[in-house]
Amino acid sequence: MHTFEPSELLKRLPKQFFAELVGKAAAVAAQGHDVINLGQGNPDQPTPGHIVEALQSAAANPLNHKYPPFRGHSYLKEAAAAYYNREYGVDLEPESEVAILFGGKTGLVEVVQCLLNPGDTVLVPDPGYPDYWSGIELARARMEMMPLTAAHDFLPSYEDIPAEVAARAKLMFLNYPNNPTGSTATEAFFRETVRFAEEHQICVVHDFAYGSIGYEGHKPLSYLQTPGAKENGIEIYTLSKTYNMAGWRTAFAVGNASVIESLNLLQDHMYVSLFGAVQEAAAAALLGPQQCVQELVDRYESRRDTLISGLRSIGWEVQAPGGSFFVWLPVPGGHTSRSFADLLLTQAHVVVAPGIGFGGCGEGYVRVSLVSEEARLVEAVRRIAKLKLFS
């Protein structure tokens, strides 16, 4: 059989970081070890029952067996707008300021191709979600990294961006609550973001994947709550984390009408929108009872507190995240993020994500997720303690 050579474009794509992580964990598990996987961000709880029931009912409707409208059903866009008005006090025009997406990742990859030409500059958080890099490579654009450091609360410092880089930049990715650091944004930071973006005519893309997950009574801020944000940016919201719907691949982009139109136009050439029954279920999630969301946040907060107290009890000096379901942990002296992650996998059979996989500034950290039951988190701490790394 002839082997066809992949395109140069495919060859340039960055290596899939999480695929490598899964492979390493699977190899250890195949040896018969009980592996505790804290390296991935795949929600472990089921989708709430009322959402599943909405899907089941809608799937039986023959109208949903046909092609949906190219840009999705109006009722789902109206539900997204109603959700933003209820949760954040943000007014959106459903048809021009909402685009339905095949998962948040799709929108994050697509938006670069919608707005940039080869050689254009994108400002990217470092550390940050690796799939930002994929869309940038597909568009043949270039990245300029914005370091996120503990000294600056893992927020980019705009005053440290060289003037010539800011002048070239056409697009900027942000993500709060943050993956991988778990940090959250402030009103003052978002106001500064609007000012910086307006000064340099930069489109801001705020990845709001963990928008529902804030701790100690603090509700994460939407970028669009900031005066002037809609003039220069969009927000990408996924139902994956808020409603445990990761496998449903349902999300939407909201904000600047010109960017929304570009996303819709690109998707006109790629998809015929989501299965209608999934759209009905998504609307039921956004408009229905929200107690399930608070219960989920409470569960993650309890897990966070259990893990943090456990790690501190073995001498590991760690900080609790303000949001998301990730914890960003400094590695002990004498280790890189990869060597430490490999040590935990091979010796404790605990999977963590090495920080270097999220960018150069991620070196010196590992990311741990809270998508395992508390008993497994306690067991992970017990195994790590036996390595006597912090005594």
# chains A, B, ... in the order shown; residues from 1 in each chain; ligands from 1
>>> closest_atom_pairs(of="range 204-275 of chain A", to="range 42-52 of chain A", cutoff="12 Å", atoms="only C-alpha atoms", output="tab-separated table")
residue	atom	partner	partner_atom	distance
A:Tyr210	CA	A:Pro43	CA	11.6
A:Leu239	CA	A:Thr47	CA	10.2
A:Ser240	CA	A:Pro43	CA	8.0
A:Lys241	CA	A:Pro43	CA	6.8
A:Thr242	CA	A:Thr47	CA	9.7
A:Tyr243	CA	A:Thr47	CA	6.1
A:Asn244	CA	A:Thr47	CA	4.9
A:Met245	CA	A:Thr47	CA	5.8
A:Ala246	CA	A:Pro43	CA	7.1
A:Gly247	CA	A:Asn42	CA	9.2
A:Trp248	CA	A:Thr47	CA	9.6
>>> select_by_dssp(residues="range 41-87 of chain A", states="helix (DSSP H, G or I)", output="list of chain:residue names")
A:Gly49, A:His50, A:Ile51, A:Val52, A:Glu53, A:Ala54, A:Leu55, A:Gln56, A:Ser57, A:Ala58, A:Ala59, A:Pro62, A:Leu63, A:Asn64, A:His65, A:Ser74, A:Tyr75, A:Leu76, A:Lys77, A:Glu78, A:Ala79, A:Ala80, A:Ala81, A:Ala82, A:Tyr83, A:Tyr84, A:Asn85, A:Arg86, A:Glu87
>>> residues_around(residues="Val378 in chain A", least_positions_apart="3", cutoff="7 Å", atoms="only C-alpha atoms", output="list in words")
Leu307, Gly310, Glu374, Ala375, Val381 and Arg382 of chain A
>>> atom_distance(atom1="CA of Leu343 in chain A", atom2="CA of Gly128 in chain A")
23.5 Å
>>> closest_residue(among="A:Leu266, A:Ala163, A:Met146, A:Ala320", to="Ser183 in chain A", atoms="only C-alpha atoms")
A:Ala320
>>> atom_distance(atom1="CA of Asn175 in chain A", atom2="CA of Arg249 in chain A")
18.9 Å
>>> residues_around(residues="Thr186 in chain A", least_positions_apart="5", cutoff="9 Å", atoms="only C-alpha atoms", output="number ranges by chain")
A: 191, 220-221
>>> write_last_selection(atoms="C-alpha atoms", output="compact mmCIF listing (two decimals), in the first residue's frame")
# COMPACT_ATOMS: atom_id res chain seq x y z
CA ARG A 191 -9.68 47.55 32.45
CA PRO A 220 -14.99 34.77 38.08
CA LEU A 221 -15.26 37.90 35.95
>>> residues_around(residues="Pro125 in chain A", least_positions_apart="2", cutoff="7 Å", atoms="only C-alpha atoms", output="list in words")
Leu123, Pro127, Gly128, Met145, Met146, Pro147, Leu148, Phe173 and Leu174 of chain A
>>> closest_residue(among="A:Phe358, A:Ala253, A:Ser222, A:Glu235", to="Lys15 in chain A", atoms="only C-alpha atoms")
A:Phe358
>>> residues_around(residues="Gly41 in chain A", least_positions_apart="3", cutoff="9 Å", atoms="only C-alpha atoms", output="list of chain:residue names")
A:Leu38, A:Asp44, A:Phe325, A:Phe326, A:Val368, A:Ser369, A:Leu370, A:Val371
>>> atom_distance(atom1="CA of Ala58 in chain A", atom2="CA of Glu261 in chain A")
28.0 Å
>>> residues_around(residues="range 355-357 of chain A", least_positions_apart="3", cutoff="12 Å", atoms="only C-alpha atoms", output="NGL selection string")
:A and (14-21 or 39 or 126-131 or 133 or 179-181 or 327-331 or 335-341 or 352 or 360-368)
>>> write_last_selection(atoms="N, CA and C atoms", output="compact mmCIF listing (two decimals), in the first residue's frame")
# COMPACT_ATOMS: atom_id res chain seq x y z
N PRO A 14 2.48 21.76 16.20
CA PRO A 14 3.18 21.37 17.44
C PRO A 14 2.77 19.99 17.89
N LYS A 15 3.68 19.32 18.56
CA LYS A 15 3.39 17.99 19.08
C LYS A 15 2.26 18.05 20.09
N GLN A 16 1.32 17.11 20.00
CA GLN A 16 0.18 17.12 20.92
C GLN A 16 0.64 16.70 22.31
N PHE A 17 0.74 17.68 23.17
CA PHE A 17 1.29 17.49 24.51
C PHE A 17 0.50 16.48 25.32
N PHE A 18 -0.83 16.59 25.31
CA PHE A 18 -1.64 15.72 26.15
C PHE A 18 -1.66 14.28 25.63
N ALA A 19 -1.51 14.10 24.33
CA ALA A 19 -1.45 12.75 23.78
C ALA A 19 -0.21 12.01 24.31
N GLU A 20 0.90 12.72 24.40
CA GLU A 20 2.12 12.13 24.94
C GLU A 20 1.93 11.76 26.41
N LEU A 21 1.25 12.63 27.15
CA LEU A 21 1.00 12.38 28.57
C LEU A 21 0.14 11.14 28.76
N GLY A 39 -3.26 14.39 35.68
CA GLY A 39 -2.61 15.18 34.66
C GLY A 39 -3.53 15.81 33.63
N ASP A 126 2.22 32.69 28.61
CA ASP A 126 3.23 31.66 28.85
C ASP A 126 3.47 31.56 30.36
N PRO A 127 2.99 30.48 31.00
CA PRO A 127 2.38 29.28 30.44
C PRO A 127 0.94 29.52 29.98
N GLY A 128 0.48 28.64 29.08
CA GLY A 128 -0.88 28.76 28.57
C GLY A 128 -1.32 27.46 27.93
N TYR A 129 -2.57 27.44 27.52
CA TYR A 129 -3.18 26.26 26.89
C TYR A 129 -2.48 25.97 25.56
N PRO A 130 -1.90 24.78 25.39
CA PRO A 130 -1.07 24.53 24.20
C PRO A 130 -1.81 24.63 22.87
N ASP A 131 -3.12 24.44 22.86
CA ASP A 131 -3.82 24.47 21.58
C ASP A 131 -3.95 25.87 21.00
N TRP A 133 -1.39 27.44 20.32
CA TRP A 133 -0.27 27.37 19.37
C TRP A 133 -0.69 26.71 18.06
N ASN A 179 -5.80 28.31 33.03
CA ASN A 179 -5.20 26.99 32.83
C ASN A 179 -3.80 27.24 32.27
N PRO A 180 -2.73 26.90 33.00
CA PRO A 180 -2.68 25.90 34.07
C PRO A 180 -2.58 26.43 35.50
N THR A 181 -2.47 27.75 35.72
CA THR A 181 -2.04 28.24 37.03
C THR A 181 -3.16 28.34 38.06
N VAL A 327 -4.37 22.94 39.97
CA VAL A 327 -3.46 23.44 41.00
C VAL A 327 -2.06 23.47 40.38
N TRP A 328 -1.38 24.58 40.55
CA TRP A 328 -0.06 24.81 39.93
C TRP A 328 0.98 24.69 41.03
N LEU A 329 1.81 23.64 40.96
CA LEU A 329 2.69 23.28 42.06
C LEU A 329 4.16 23.45 41.69
N PRO A 330 4.95 24.13 42.52
CA PRO A 330 6.39 24.25 42.25
C PRO A 330 7.09 22.92 42.48
N VAL A 331 8.02 22.58 41.59
CA VAL A 331 8.73 21.31 41.75
C VAL A 331 9.85 21.48 42.77
N HIS A 335 15.12 19.18 40.36
CA HIS A 335 14.28 18.57 39.33
C HIS A 335 13.83 19.61 38.31
N THR A 336 13.65 19.16 37.07
CA THR A 336 12.90 19.91 36.08
C THR A 336 11.45 19.47 36.18
N SER A 337 10.58 20.17 35.48
CA SER A 337 9.18 19.76 35.51
C SER A 337 9.00 18.37 34.91
N ARG A 338 9.75 18.05 33.86
CA ARG A 338 9.63 16.73 33.24
C ARG A 338 10.21 15.64 34.14
N SER A 339 11.37 15.88 34.71
CA SER A 339 11.98 14.83 35.53
C SER A 339 11.14 14.56 36.78
N PHE A 340 10.55 15.61 37.33
CA PHE A 340 9.71 15.43 38.50
C PHE A 340 8.42 14.69 38.14
N ALA A 341 7.81 15.05 37.01
CA ALA A 341 6.61 14.35 36.57
C ALA A 341 6.91 12.88 36.29
N VAL A 352 1.02 13.72 36.72
CA VAL A 352 0.88 15.17 36.73
C VAL A 352 1.40 15.69 35.40
N GLY A 360 7.64 27.90 28.02
CA GLY A 360 8.92 27.99 28.71
C GLY A 360 8.81 28.48 30.15
N CYS A 361 7.86 29.39 30.41
CA CYS A 361 7.70 29.91 31.77
C CYS A 361 6.98 28.92 32.68
N GLY A 362 6.56 27.81 32.12
CA GLY A 362 5.97 26.76 32.95
C GLY A 362 7.02 25.86 33.59
N GLU A 363 8.27 26.03 33.17
CA GLU A 363 9.34 25.24 33.78
C GLU A 363 9.40 25.56 35.27
N GLY A 364 9.62 24.49 36.07
CA GLY A 364 9.67 24.66 37.51
C GLY A 364 8.36 24.38 38.20
N TYR A 365 7.33 24.00 37.41
CA TYR A 365 6.01 23.70 37.97
C TYR A 365 5.45 22.42 37.36
N VAL A 366 4.48 21.83 38.05
CA VAL A 366 3.64 20.80 37.46
C VAL A 366 2.18 21.19 37.70
N ARG A 367 1.32 20.74 36.81
CA ARG A 367 -0.11 21.01 36.96
C ARG A 367 -0.83 19.74 37.42
N VAL A 368 -1.68 19.92 38.43
CA VAL A 368 -2.48 18.83 38.98
C VAL A 368 -3.95 19.20 38.82
>>> select_by_dssp(residues="range 123-322 of chain A", states="strand (DSSP E)", output="ChimeraX atom specification")
/A:123-126,142-147,169-174,203-207,233-238,251-255
